[in-house]
>>> print(open('input22.cif').read())   # mmCIF, C-alpha atoms
data_entry
#
loop_
_atom_site.label_atom_id
_atom_site.label_comp_id
_atom_site.auth_asym_id
_atom_site.auth_seq_id
_atom_site.Cartn_x
_atom_site.Cartn_y
_atom_site.Cartn_z
CA MET A 3 92.11 -41.61 7.14
CA ASN A 4 95.45 -39.93 6.42
CA ASP A 5 93.61 -37.23 4.47
CA ILE A 6 91.31 -36.57 7.47
CA LYS A 7 94.28 -36.37 9.82
CA GLU A 8 96.10 -33.95 7.53
CA TYR A 9 92.97 -31.84 7.07
CA MET A 10 92.27 -31.63 10.82
CA GLN A 11 95.90 -30.80 11.59
CA GLY A 12 95.63 -27.90 9.15
CA VAL A 13 92.42 -26.74 10.83
CA GLY A 14 94.12 -26.93 14.21
CA GLN A 15 97.19 -24.98 13.10
CA ALA A 16 95.03 -22.25 11.59
CA ALA A 17 92.90 -22.06 14.75
CA ARG A 18 95.95 -21.74 16.98
CA ALA A 19 97.32 -18.89 14.86
CA ALA A 20 93.90 -17.17 14.83
CA SER A 21 93.54 -17.55 18.61
CA ARG A 22 96.56 -15.31 19.15
CA LEU A 23 94.99 -12.59 17.02
CA MET A 24 91.61 -12.98 18.72
CA ALA A 25 93.21 -12.59 22.15
CA GLN A 26 94.47 -9.17 20.98
CA ALA A 27 91.22 -8.07 19.33
CA ASP A 28 89.51 -5.11 20.93
CA THR A 29 85.88 -5.08 21.99
CA ASN A 30 84.77 -2.82 19.13
CA ALA A 31 86.17 -5.18 16.49
CA LYS A 32 84.52 -8.20 18.08
CA ASN A 33 81.19 -6.42 18.37
CA ARG A 34 81.39 -5.27 14.74
CA ALA A 35 81.99 -8.85 13.68
CA LEU A 36 78.97 -10.04 15.66
CA GLU A 37 76.73 -7.35 14.17
CA ASN A 38 78.07 -8.10 10.67
CA ILE A 39 77.39 -11.83 11.09
CA ALA A 40 73.85 -11.10 12.27
CA THR A 41 73.28 -8.89 9.23
CA ALA A 42 74.71 -11.52 6.88
CA ILE A 43 72.44 -14.17 8.36
CA MET A 44 69.36 -12.04 7.78
CA LEU A 45 70.44 -11.07 4.25
CA ASN A 46 71.02 -14.74 3.41
CA SER A 47 67.91 -16.06 5.12
CA ALA A 48 66.51 -17.61 1.94
CA LYS A 49 69.75 -19.44 1.21
CA LEU A 50 70.06 -20.70 4.76
CA LEU A 51 66.53 -22.10 4.66
CA ALA A 52 67.15 -23.68 1.24
CA GLU A 53 70.32 -25.41 2.46
CA ASN A 54 68.51 -26.54 5.57
CA ALA A 55 65.72 -27.99 3.43
CA ARG A 56 68.36 -30.13 1.67
CA ASP A 57 69.49 -31.47 5.04
CA VAL A 58 65.95 -32.13 6.24
CA THR A 59 65.04 -34.00 3.03
CA ALA A 60 68.14 -36.16 3.31
CA ALA A 61 67.47 -36.81 7.00
CA LYS A 62 63.92 -37.98 6.32
CA THR A 63 65.16 -40.23 3.51
CA SER A 64 67.78 -41.79 5.79
CA GLY A 65 65.16 -42.48 8.49
CA LEU A 66 66.32 -40.00 11.12
CA ASP A 67 63.89 -39.96 14.05
CA GLY A 68 61.23 -37.29 14.38
CA ALA A 69 62.73 -35.56 17.40
CA SER A 70 66.09 -35.15 15.62
CA ILE A 71 64.40 -33.84 12.49
CA ASP A 72 62.54 -31.33 14.63
CA ARG A 73 65.84 -30.10 16.10
CA LEU A 74 67.38 -30.01 12.63
CA THR A 75 64.62 -27.99 10.98
CA MET A 76 65.14 -24.25 10.63
CA THR A 77 62.37 -21.69 10.09
CA GLU A 78 62.33 -17.94 9.53
CA LYS A 79 61.93 -17.63 13.30
CA THR A 80 65.08 -19.74 13.79
CA VAL A 81 67.05 -17.48 11.46
CA GLN A 82 65.80 -14.36 13.24
CA GLY A 83 66.67 -15.98 16.57
CA MET A 84 70.25 -16.61 15.47
CA ALA A 85 70.68 -12.99 14.42
CA GLU A 86 69.09 -11.69 17.61
CA GLY A 87 71.27 -13.99 19.71
CA LEU A 88 74.41 -12.61 18.09
CA ARG A 89 73.28 -9.04 18.72
CA GLN A 90 72.58 -9.91 22.35
CA ILE A 91 76.11 -11.27 22.69
CA ALA A 92 77.46 -8.05 21.18
CA ALA A 93 75.58 -6.10 23.84
CA LEU A 94 77.11 -8.08 26.69
CA PRO A 95 80.14 -6.75 28.57
CA ASP A 96 83.46 -8.01 27.23
CA PRO A 97 85.08 -10.14 29.94
CA ILE A 98 88.55 -10.13 28.37
CA GLY A 99 91.12 -7.97 30.15
CA GLU A 100 88.92 -7.50 33.22
CA ILE A 101 91.13 -7.07 36.30
CA SER A 102 89.87 -8.08 39.73
CA ASP A 103 90.97 -8.75 43.32
CA MET A 104 93.93 -6.36 43.27
CA LYS A 105 95.55 -6.31 46.69
CA TYR A 106 98.77 -4.88 48.12
CA ARG A 107 101.16 -7.36 49.69
CA PRO A 108 103.59 -6.51 52.52
CA SER A 109 106.38 -6.34 49.92
CA GLY A 110 104.63 -3.45 48.21
CA ILE A 111 103.63 -5.39 45.08
CA GLN A 112 100.00 -5.52 43.94
CA VAL A 113 98.60 -8.96 43.09
CA GLY A 114 95.37 -9.55 41.20
CA LYS A 115 93.76 -11.49 38.40
CA MET A 116 93.08 -10.75 34.72
CA ARG A 117 90.46 -12.58 32.67
CA VAL A 118 91.84 -14.12 29.46
CA PRO A 119 90.58 -16.38 26.66
CA LEU A 120 90.97 -20.16 26.86
CA GLY A 121 92.51 -20.21 23.37
CA VAL A 122 91.07 -22.73 20.91
CA ILE A 123 87.71 -24.32 21.71
CA GLY A 124 86.50 -27.41 19.88
CA ILE A 125 82.72 -27.83 19.91
CA ILE A 126 81.04 -31.06 18.78
CA TYR A 127 77.28 -31.00 18.42
CA GLU A 128 74.34 -32.71 16.76
CA SER A 129 71.28 -31.68 14.78
CA ARG A 130 70.74 -28.05 15.79
CA PRO A 131 72.25 -25.72 13.13
CA ASN A 132 71.60 -22.65 15.30
CA VAL A 133 74.38 -23.91 17.60
CA THR A 134 76.81 -22.93 14.83
CA ALA A 135 75.87 -19.27 15.19
CA ASP A 136 75.58 -19.35 19.00
CA ALA A 137 78.94 -21.09 19.48
CA ALA A 138 80.68 -18.86 16.96
CA GLY A 139 79.33 -15.74 18.66
CA LEU A 140 80.26 -16.77 22.19
CA CYS A 141 83.75 -17.92 21.23
CA LEU A 142 84.33 -14.75 19.21
CA LYS A 143 83.21 -12.36 21.98
CA SER A 144 85.31 -14.21 24.58
CA GLY A 145 88.42 -13.82 22.40
CA ASN A 146 88.77 -17.48 21.47
CA ALA A 147 89.14 -19.31 18.18
CA ALA A 148 86.61 -22.08 17.54
CA ILE A 149 86.59 -25.36 15.64
CA LEU A 150 82.98 -26.43 15.17
CA ARG A 151 82.05 -29.96 14.18
CA GLY A 152 78.31 -30.21 13.63
CA GLY A 153 76.36 -33.37 12.92
CA SER A 154 76.58 -34.87 9.46
CA GLU A 155 72.81 -34.46 9.10
CA ALA A 156 73.24 -30.63 9.19
CA ILE A 157 76.30 -30.28 6.95
CA HIS A 158 74.71 -27.96 4.35
CA SER A 159 73.01 -25.77 6.97
CA ASN A 160 76.20 -25.43 8.99
CA GLN A 161 78.35 -24.56 5.99
CA ALA A 162 75.86 -21.88 4.90
CA ILE A 163 75.92 -20.35 8.39
CA ALA A 164 79.72 -20.59 8.40
CA ALA A 165 79.85 -18.50 5.22
CA CYS A 166 77.93 -15.75 7.03
CA VAL A 167 80.29 -15.98 10.01
CA HIS A 168 83.35 -15.68 7.76
CA ARG A 169 81.89 -12.69 6.00
CA GLY A 170 81.26 -10.93 9.30
CA LEU A 171 84.77 -11.65 10.57
CA ARG A 172 86.35 -10.50 7.32
CA GLU A 173 84.41 -7.24 7.27
CA ALA A 174 85.51 -6.52 10.84
CA GLY A 175 89.17 -7.12 10.03
CA LEU A 176 89.39 -10.32 12.06
CA PRO A 177 90.75 -13.66 10.77
CA GLU A 178 88.16 -15.90 9.11
CA THR A 179 89.95 -18.88 10.63
CA ALA A 180 88.84 -17.68 14.08
CA VAL A 181 85.74 -19.80 13.42
CA GLN A 182 86.13 -22.94 11.33
CA VAL A 183 83.30 -25.36 10.65
CA VAL A 184 84.66 -28.82 9.83
CA ASN A 185 83.59 -29.54 6.25
CA THR A 186 83.68 -33.35 6.33
CA THR A 187 81.02 -35.72 7.65
CA ASN A 188 83.63 -38.41 8.29
CA ARG A 189 83.41 -39.40 11.97
CA ALA A 190 87.17 -39.79 12.06
CA ALA A 191 87.33 -35.99 12.20
CA VAL A 192 85.89 -36.12 15.73
CA GLY A 193 88.57 -38.57 16.80
CA GLU A 194 91.25 -36.22 15.51
CA LEU A 195 89.70 -33.10 17.03
CA ILE A 196 89.47 -34.51 20.57
CA THR A 197 93.12 -35.59 20.57
CA MET A 198 94.82 -32.51 19.02
CA LYS A 199 96.24 -31.29 22.31
CA ASP A 200 98.84 -29.13 20.56
CA TYR A 201 96.14 -27.03 18.92
CA VAL A 202 92.95 -27.33 21.00
CA ASP A 203 92.61 -26.19 24.63
CA VAL A 204 89.16 -27.47 25.55
CA ILE A 205 86.38 -29.59 24.01
CA VAL A 206 82.65 -28.95 24.49
CA PRO A 207 80.35 -31.79 23.37
CA ARG A 208 76.67 -30.94 22.87
CA GLY A 209 74.40 -33.83 22.01
CA GLY A 210 73.19 -37.19 23.15
CA LYS A 211 74.64 -39.31 25.92
CA GLU A 212 76.42 -41.59 23.45
CA LEU A 213 78.33 -38.67 21.90
CA ILE A 214 79.28 -37.17 25.25
CA GLU A 215 80.42 -40.52 26.66
CA ARG A 216 82.59 -41.13 23.60
CA VAL A 217 84.17 -37.69 23.79
CA SER A 218 84.73 -37.97 27.54
CA SER A 219 86.41 -41.37 27.29
CA GLU A 220 88.58 -40.70 24.23
CA ALA A 221 89.54 -37.03 24.58
CA ARG A 222 93.10 -36.10 25.47
CA ILE A 223 91.99 -32.52 26.05
CA PRO A 224 89.90 -31.11 28.97
CA VAL A 225 86.14 -31.51 28.35
CA ILE A 226 83.30 -29.25 29.54
CA LYS A 227 80.20 -31.45 29.62
CA HIS A 228 77.13 -32.90 31.21
CA LEU A 229 76.10 -36.47 30.49
CA HIS A 230 72.39 -36.22 31.29
CA GLY A 231 69.84 -34.20 33.18
CA VAL A 232 67.89 -36.20 35.74
CA CYS A 233 66.28 -33.12 37.28
CA HIS A 234 64.05 -33.21 40.37
CA VAL A 235 61.34 -31.07 41.89
CA TYR A 236 60.61 -31.75 45.57
CA ILE A 237 57.25 -30.54 46.92
CA ASP A 238 57.78 -30.03 50.64
CA ASP A 239 55.16 -30.49 53.36
CA GLU A 240 55.30 -26.71 53.90
CA ALA A 241 54.83 -25.82 50.23
CA ASP A 242 52.21 -23.47 48.84
CA LEU A 243 50.37 -26.18 46.88
CA ALA A 244 48.98 -23.85 44.20
CA LYS A 245 52.53 -22.64 43.60
CA ALA A 246 53.83 -26.22 43.65
CA ILE A 247 51.36 -27.35 40.99
CA ARG A 248 52.31 -24.50 38.64
CA ILE A 249 56.03 -25.18 39.09
CA ALA A 250 55.83 -28.96 38.74
CA ASP A 251 53.60 -28.67 35.68
CA ASN A 252 55.93 -26.20 33.97
CA ALA A 253 59.10 -28.09 34.90
CA LYS A 254 57.82 -31.18 33.08
CA THR A 255 55.51 -30.06 30.30
CA HIS A 256 56.92 -26.73 29.09
CA ARG A 257 59.27 -28.72 26.83
CA TYR A 258 60.02 -32.42 27.03
CA GLY A 259 63.21 -32.93 25.04
CA VAL A 260 65.48 -30.58 27.01
CA CYS A 261 68.08 -31.31 29.67
CA ASN A 262 66.50 -29.01 32.28
CA ALA A 263 63.06 -30.65 32.20
CA MET A 264 62.00 -32.40 35.40
CA GLU A 265 62.24 -36.18 35.15
CA THR A 266 61.39 -37.14 38.76
CA LEU A 267 58.83 -35.54 41.06
CA LEU A 268 59.28 -36.02 44.80
CA VAL A 269 56.33 -35.24 47.12
CA ALA A 270 56.25 -35.10 50.91
CA GLN A 271 53.98 -37.76 52.34
CA SER A 272 51.82 -35.39 54.39
CA VAL A 273 50.71 -33.37 51.32
CA ALA A 274 50.74 -36.11 48.68
CA ALA A 275 47.03 -36.86 48.93
CA ASP A 276 46.22 -33.17 48.42
CA VAL A 277 48.59 -32.39 45.58
CA LEU A 278 49.22 -35.55 43.56
CA PRO A 279 45.65 -36.21 42.26
CA ARG A 280 45.33 -32.60 41.07
CA LEU A 281 48.79 -32.48 39.55
CA CYS A 282 48.57 -35.88 37.89
CA LYS A 283 45.27 -34.95 36.25
CA ILE A 284 47.15 -32.11 34.52
CA TYR A 285 49.85 -34.53 33.39
CA LEU A 286 47.41 -37.15 32.16
CA ASP A 287 45.38 -34.51 30.28
CA LYS A 288 48.67 -33.65 28.50
CA ASN A 289 49.32 -37.34 27.75
CA VAL A 290 52.27 -37.64 30.11
CA GLU A 291 52.97 -41.26 31.08
CA LEU A 292 53.30 -41.59 34.86
CA ARG A 293 55.52 -44.10 36.65
CA GLY A 294 55.33 -44.13 40.42
CA ASP A 295 56.19 -45.90 43.63
CA ASP A 296 53.54 -47.81 45.61
CA ALA A 297 52.47 -44.77 47.64
CA SER A 298 51.96 -42.66 44.51
CA ARG A 299 49.99 -45.40 42.75
CA LYS A 300 47.59 -45.70 45.67
CA LEU A 301 46.70 -42.03 45.16
CA VAL A 302 46.57 -41.99 41.35
CA ALA A 303 45.08 -44.93 39.47
CA ASN A 304 46.49 -44.32 35.99
CA MET A 305 50.13 -44.80 36.95
CA LYS A 306 52.55 -47.56 36.03
CA ALA A 307 54.93 -49.05 38.59
CA ALA A 308 58.32 -47.33 38.55
CA THR A 309 61.40 -49.52 38.31
CA GLU A 310 64.84 -48.88 39.79
CA GLU A 311 66.01 -47.85 36.32
CA ASP A 312 63.30 -45.17 36.09
CA TRP A 313 64.86 -43.18 38.94
CA HIS A 314 68.12 -43.02 36.95
CA THR A 315 66.51 -42.15 33.59
CA GLU A 316 66.52 -38.91 31.65
CA TYR A 317 63.42 -39.48 29.51
CA LEU A 318 63.50 -36.37 27.30
CA ALA A 319 59.90 -37.36 26.60
CA PRO A 320 56.40 -37.06 28.12
CA ILE A 321 57.20 -39.60 30.85
CA LEU A 322 57.55 -38.76 34.55
CA SER A 323 58.69 -40.72 37.60
CA ILE A 324 56.93 -39.91 40.89
CA ARG A 325 57.91 -40.85 44.43
CA VAL A 326 56.35 -40.06 47.80
CA VAL A 327 59.00 -39.37 50.46
CA ALA A 328 58.75 -38.97 54.22
CA GLY A 329 60.18 -35.47 54.11
CA LEU A 330 63.22 -33.36 53.27
CA ASP A 331 65.79 -35.87 54.51
CA GLU A 332 64.46 -38.60 52.25
CA ALA A 333 64.18 -36.19 49.31
CA LEU A 334 67.82 -35.16 49.75
CA ALA A 335 68.89 -38.80 49.96
CA HIS A 336 66.98 -39.65 46.78
CA ILE A 337 68.57 -36.77 44.84
CA ALA A 338 72.03 -37.70 46.12
CA THR A 339 71.51 -41.30 44.96
CA TYR A 340 69.81 -40.78 41.61
CA GLY A 341 70.49 -37.19 40.54
CA SER A 342 72.87 -36.18 37.74
CA GLN A 343 74.08 -32.94 39.40
CA HIS A 344 72.24 -30.87 36.78
CA THR A 345 69.24 -28.99 38.25
CA ASP A 346 67.03 -29.63 41.27
CA SER A 347 64.32 -27.51 42.90
CA ILE A 348 62.42 -27.41 46.19
CA VAL A 349 58.97 -25.88 46.64
CA THR A 350 58.59 -24.73 50.24
CA GLU A 351 57.62 -21.73 52.34
CA ASN A 352 60.05 -22.77 55.09
CA TYR A 353 63.19 -20.62 54.91
CA SER A 354 65.37 -23.03 56.88
CA LYS A 355 64.45 -25.96 54.65
CA ALA A 356 65.08 -23.87 51.54
CA ILE A 357 68.56 -22.90 52.74
CA ARG A 358 69.34 -26.49 53.69
CA PHE A 359 68.28 -27.67 50.22
CA LEU A 360 70.49 -25.02 48.58
CA ARG A 361 73.47 -26.07 50.67
CA GLU A 362 73.12 -29.84 50.53
CA VAL A 363 72.02 -30.57 46.96
CA ASP A 364 75.21 -31.04 44.92
CA SER A 365 74.00 -29.84 41.52
CA SER A 366 75.13 -27.17 39.09
CA SER A 367 71.84 -25.30 39.60
CA VAL A 368 69.77 -25.54 42.80
CA MET A 369 66.47 -23.66 43.04
CA VAL A 370 63.81 -22.63 45.52
CA ASN A 371 60.22 -22.11 44.37
CA ALA A 372 61.10 -22.01 40.67
CA SER A 373 60.84 -24.32 37.67
CA THR A 374 63.93 -26.26 36.63
CA ARG A 375 63.34 -24.86 33.14
CA PHE A 376 65.10 -21.66 34.26
CA ALA A 377 68.47 -23.46 34.18
CA ASP A 378 69.51 -21.71 31.00
CA GLY A 379 72.16 -19.21 30.02
CA PHE A 380 69.67 -16.70 28.62
CA GLU A 381 67.45 -16.88 31.71
CA TYR A 382 70.53 -16.40 33.92
CA GLY A 383 71.51 -13.26 32.02
CA LEU A 384 74.50 -14.83 30.31
CA GLY A 385 73.21 -14.35 26.76
CA ALA A 386 73.42 -17.45 24.59
CA GLU A 387 75.10 -20.43 26.23
CA ILE A 388 77.58 -22.93 24.88
CA GLY A 389 76.00 -25.66 26.99
CA ILE A 390 75.55 -26.73 30.60
CA SER A 391 78.37 -28.18 32.66
CA THR A 392 77.95 -30.53 35.61
CA ASP A 393 81.71 -30.63 36.13
CA LYS A 394 83.14 -29.13 39.31
CA ILE A 395 86.39 -27.79 37.89
CA HIS A 396 86.36 -24.60 35.79
CA ALA A 397 82.82 -23.92 34.48
CA ARG A 398 79.71 -25.24 36.23
CA GLY A 399 76.09 -24.74 35.19
CA PRO A 400 75.18 -22.76 32.04
CA VAL A 401 78.41 -21.85 30.24
CA GLY A 402 78.35 -18.34 28.82
CA LEU A 403 81.13 -15.87 28.05
CA GLU A 404 82.85 -16.08 31.43
CA GLY A 405 82.85 -19.88 31.25
CA LEU A 406 84.89 -19.65 28.04
CA THR A 407 87.63 -17.68 29.79
CA SER A 408 90.24 -18.29 32.44
CA GLN A 409 92.16 -16.03 34.80
CA LYS A 410 95.84 -15.41 35.22
CA TYR A 411 97.60 -13.72 38.09
CA ILE A 412 99.08 -10.31 37.41
CA VAL A 413 101.61 -8.49 39.57
CA LEU A 414 102.28 -4.75 39.57
CA GLY A 415 105.48 -3.60 41.19
CA SER A 416 107.65 -0.51 41.51
CA GLY A 417 111.09 -2.06 41.59
CA GLN A 418 110.60 -4.62 44.39
CA ILE A 419 112.96 -7.59 44.68
CA ARG A 420 112.50 -10.62 46.87
CA VAL A 421 114.84 -10.89 49.86
#
>>> encode(input="input22.cif", output="structure tokens")
Amino acid sequence: MNDIKEYMQGVGQAARAASRLMAQADTNAKNRALENIATAIMLNSAKLLAENARDVTAAKTSGLDGASIDRLTMTEKTVQGMAEGLRQIAALPDPIGEISDMKYRPSGIQVGKMRVPLGVIGIIYESRPNVTADAAGLCLKSGNAAILRGGSEAIHSNQAIAACVHRGLREAGLPETAVQVVNTTNRAAVGELITMKDYVDVIVPRGGKELIERVSSEARIPVIKHLHGVCHVYIDDEADLAKAIRIADNAKTHRYGVCNAMETLLVAQSVAADVLPRLCKIYLDKNVELRGDDASRKLVANMKAATEEDWHTEYLAPILSIRVVAGLDEALAHIATYGSQHTDSIVTENYSKAIRFLREVDSSSVMVNASTRFADGFEYGLGAEIGISTDKIHARGPVGLEGLTSQKYIVLGSGQIRV
């Protein structure tokens, strides 16, 4: 344990020193590093896949579940995606140093804001090795230093990607310690990372609910997080039903194991008999298990009874809860009671109802006539994302480059003194 503490303290000290250099780095140097990392990843594709194969073999031997192994497994497409993601980040505008809201005050001074890095960002994640490249790229472009602690099941993959990151930083004249991937699988390293308030400015956990709850409860550093995504689609009584069916199908079945997948479908009572049988046939044909309230089950035979727990549950699986509601008021009340403040959508042709939904639903993403699956940094034009935040302070929703920065006030004067 003492060795882990000493090791993590060294990582933290190096990250803090690197963060000062990264805050000074110009856009060209950061973009060169990103392009160099992308090139290194492609040149070392065979090695990355070989190291990943070691992780996958070990994971299967240890009995890791199928969904986790799927997230762990890299392919040539995964490698290409990492490189492309880094190049996309390089193409994004650099937020650092951006000055906004400059205004003259009666004293003659100008007051405004400048965007600056957060400093050192600790990121804790599971399974997905591509997060190593995404997180490194976003932290680098936003002028931060990063300490990355991937899951023990991906240790060889993550270290191989880290070698490419270090090569790209070195070739661009930036400190390799700007991105450090923790090289121990000892879980005590997480405990150290989330309490190193002298060296780390913010923690971002990416993974299952258990990981995020642990980090949230034990961290002594601000955390950017979301615990779970209980996302809703509400089909209004003034919806275009053909549109509603496409949206509700996509929101659930496009991908099951993602935080922006719909977990509860709400349908207005007056259109339920028209839309639910058609929509549920699509779900059942795709082997989605349906759990509904009494009104839903009267309309669709192959549906289990939903429990109170179902309305609170993020399934991340082909399971869907369905409830018939009297109208918009009841839909809003349901979302307020059971939602996780992640992503919720209304399907309606009524402008007033759409605006009311946008205003009253207290989620990080609120949508009209669109699938919840669009709640994603890439789809929002942010490039790769570090994660999604349901917090209300600092970043909210998909966290891209701007979410990894802060602002400070700047004052420009010409000799003014306060009297």
>>> residues_around(input="input22.cif", residues="Ser47 in chain A", least_positions_apart="3", cutoff="8 Å", atoms="all atoms listed in the file", output="PDB file with C-alpha atoms, keeping the file's coordinate frame")
ATOM      1  CA  ILE A  43      72.440 -14.170   8.360  1.00  0.00           C
ATOM      2  CA  MET A  44      69.360 -12.040   7.780  1.00  0.00           C
ATOM      3  CA  LEU A  50      70.060 -20.700   4.760  1.00  0.00           C
ATOM      4  CA  LEU A  51      66.530 -22.100   4.660  1.00  0.00           C
ATOM      5  CA  GLU A  78      62.330 -17.940   9.530  1.00  0.00           C
ATOM      6  CA  VAL A  81      67.050 -17.480  11.460  1.00  0.00           C
TER       7      VAL A  81
END
>>> closest_atom_pairs(input="input22.cif", of="range 31-68 of chain A", to="range 160-179 of chain A", cutoff="6 Å", atoms="all atoms listed in the file", output="Markdown table")
| residue | atom | partner | partner_atom | distance |
| --- | --- | --- | --- | --- |
| A:Ala31 | CA | A:Ala174 | CA | 5.8 |
| A:Arg34 | CA | A:Ala174 | CA | 5.8 |
| A:Ala35 | CA | A:Gly170 | CA | 4.9 |
| A:Asn38 | CA | A:Gly170 | CA | 4.5 |
| A:Ile39 | CA | A:Gly170 | CA | 4.4 |
| A:Ala42 | CA | A:Cys166 | CA | 5.3 |
| A:Ile43 | CA | A:Cys166 | CA | 5.9 |
| A:Leu50 | CA | A:Ala162 | CA | 5.9 |
>>> closest_residue(input="input22.cif", among="A:Ile419, A:Val202, A:Ala138, A:Ala250", to="Gly14 in chain A", atoms="all atoms listed in the file")
A:Val202
>>> resolve_selection(input="input22.cif", expression="the PyMOL selection byres ((chain A and resi 136) around 7)", output="list in words")
Met84, Gly87, Leu88, Asn132, Val133, Thr134, Ala135, Ala137, Ala138, Gly139, Leu140 and Ala386 of chain A
>>> residues_around(input="input22.cif", residues="Gly110 in chain A", least_positions_apart="6", cutoff="10 Å", atoms="only C-alpha atoms", output="PyMOL selection string")
chain A and resi 414-419
>>> resolve_selection(input="input22.cif", expression="the PyMOL selection byres ((chain A and resi 251) around 12)", output="number ranges by chain")
A: 235, 237, 243-250, 252-258, 263-267, 277-278, 280-288, 290, 320, 322, 372-375
>>> atom_distance(input="input22.cif", atom1="CA of His344 in chain A", atom2="CA of Met198 in chain A")
28.8 Å
>>> closest_residue(input="input22.cif", among="A:Ala319, A:Val206, A:Val327, A:Pro97", to="Ser298 in chain A", atoms="all atoms listed in the file")
A:Val327
>>> residues_around(input="input22.cif", residues="Tyr411 in chain A", least_positions_apart="4", cutoff="10 Å", atoms="only C-alpha atoms", output="PyMOL selection string")
chain A and resi 101-104+113-117
>>> atom_distance(input="input22.cif", atom1="CA of Ile71 in chain A", atom2="CA of Ala48 in chain A")
19.5 Å
>>> axis_aligned_box(input="input22.cif", around="range 281-285 of chain A", padding_each_side="4 Å", output="lines of an AutoDock Vina configuration file")
center_x = 47.6
center_y = -34.0
center_z = 36.5
size_x = 12.6
size_y = 11.8
size_z = 14.2
>>> closest_residue(input="input22.cif", among="A:Ile337, A:Leu120, A:Cys261, A:Cys141", to="Ile91 in chain A", atoms="all atoms listed in the file")
A:Cys141
>>> closest_residue(input="input22.cif", among="A:Ile126, A:Leu74, A:Leu292, A:Ala335", to="Ile321 in chain A", atoms="only C-alpha atoms")
A:Leu292
>>> resolve_selection(input="input22.cif", expression="the PyMOL selection byres ((chain A and resi 57) around 10)", output="ChimeraX atom specification")
/A:51-56,58-63,71,74-75,129,154-160
>>> residues_around(input="input22.cif", residues="Thr315 in chain A", least_positions_apart="5", cutoff="12 Å", atoms="all atoms listed in the file", output="mmCIF file with C-alpha atoms, keeping the file's coordinate frame")
data_model
loop_
_atom_site.group_PDB
_atom_site.id
_atom_site.type_symbol
_atom_site.label_atom_id
_atom_site.label_comp_id
_atom_site.auth_asym_id
_atom_site.auth_seq_id
_atom_site.Cartn_x
_atom_site.Cartn_y
_atom_site.Cartn_z
ATOM 1 C CA LYS A 211 74.640 -39.310 25.920
ATOM 2 C CA LEU A 229 76.100 -36.470 30.490
ATOM 3 C CA HIS A 230 72.390 -36.220 31.290
ATOM 4 C CA GLY A 231 69.840 -34.200 33.180
ATOM 5 C CA VAL A 232 67.890 -36.200 35.740
ATOM 6 C CA CYS A 233 66.280 -33.120 37.280
ATOM 7 C CA HIS A 234 64.050 -33.210 40.370
ATOM 8 C CA CYS A 261 68.080 -31.310 29.670
ATOM 9 C CA MET A 264 62.000 -32.400 35.400
ATOM 10 C CA GLU A 265 62.240 -36.180 35.150
ATOM 11 C CA THR A 266 61.390 -37.140 38.760
ATOM 12 C CA ARG A 293 55.520 -44.100 36.650
ATOM 13 C CA ALA A 308 58.320 -47.330 38.550
ATOM 14 C CA THR A 309 61.400 -49.520 38.310
ATOM 15 C CA GLU A 310 64.840 -48.880 39.790
ATOM 16 C CA ILE A 321 57.200 -39.600 30.850
ATOM 17 C CA LEU A 322 57.550 -38.760 34.550
ATOM 18 C CA SER A 323 58.690 -40.720 37.600
ATOM 19 C CA TYR A 340 69.810 -40.780 41.610
ATOM 20 C CA GLY A 341 70.490 -37.190 40.540
ATOM 21 C CA SER A 342 72.870 -36.180 37.740
#
>>> closest_residue(input="input22.cif", among="A:Ile357, A:Val217, A:Val13, A:Ala93", to="Asn371 in chain A", atoms="only C-alpha atoms")
A:Ile357
>>> residues_around(input="input22.cif", residues="Asp5 in chain A", least_positions_apart="5", cutoff="12 Å", atoms="only C-alpha atoms", output="PyMOL selection string")
chain A and resi 10-12+186+188+190-191+194
>>> closest_residue(input="input22.cif", among="A:Ala40, A:Ile125, A:Ala20, A:Ile205", to="Arg222 in chain A", atoms="only C-alpha atoms")
A:Ile205
>>> residues_near_point(input="input22.cif", point="(70.9, -33.6, 47.2)", cutoff="8 Å", atoms="only C-alpha atoms", output="PyMOL selection string")
chain A and resi 333-338+341+359+362-365
>>> decode(input="input22.cif", residues="range 233-252 of chain A", atoms="C-alpha atoms", output="short mmCIF file (atom, residue, chain, number, x, y, z; two decimals), in the first residue's frame")
data_model
loop_
_atom_site.label_atom_id
_atom_site.label_comp_id
_atom_site.auth_asym_id
_atom_site.auth_seq_id
_atom_site.Cartn_x
_atom_site.Cartn_y
_atom_site.Cartn_z
CA CYS A 233 -34.06 8.13 -20.53
CA HIS A 234 -37.66 8.67 -21.64
CA VAL A 235 -39.52 9.22 -24.88
CA TYR A 236 -43.03 10.66 -24.53
CA ILE A 237 -45.39 10.21 -27.49
CA ASP A 238 -47.88 13.06 -27.23
CA ASP A 239 -51.52 12.95 -28.34
CA GLU A 240 -50.58 15.44 -31.08
CA ALA A 241 -47.62 13.42 -32.37
CA ASP A 242 -47.05 12.36 -35.96
CA LEU A 243 -47.37 8.63 -35.23
CA ALA A 244 -45.16 7.48 -38.12
CA LYS A 245 -42.46 9.82 -36.82
CA ALA A 246 -43.07 8.63 -33.25
CA ILE A 247 -42.61 4.98 -34.19
CA ARG A 248 -39.29 5.66 -35.95
CA ILE A 249 -37.99 7.70 -33.02
CA ALA A 250 -39.11 5.29 -30.28
CA ASP A 251 -37.72 2.31 -32.19
CA ASN A 252 -34.34 3.97 -32.72
#
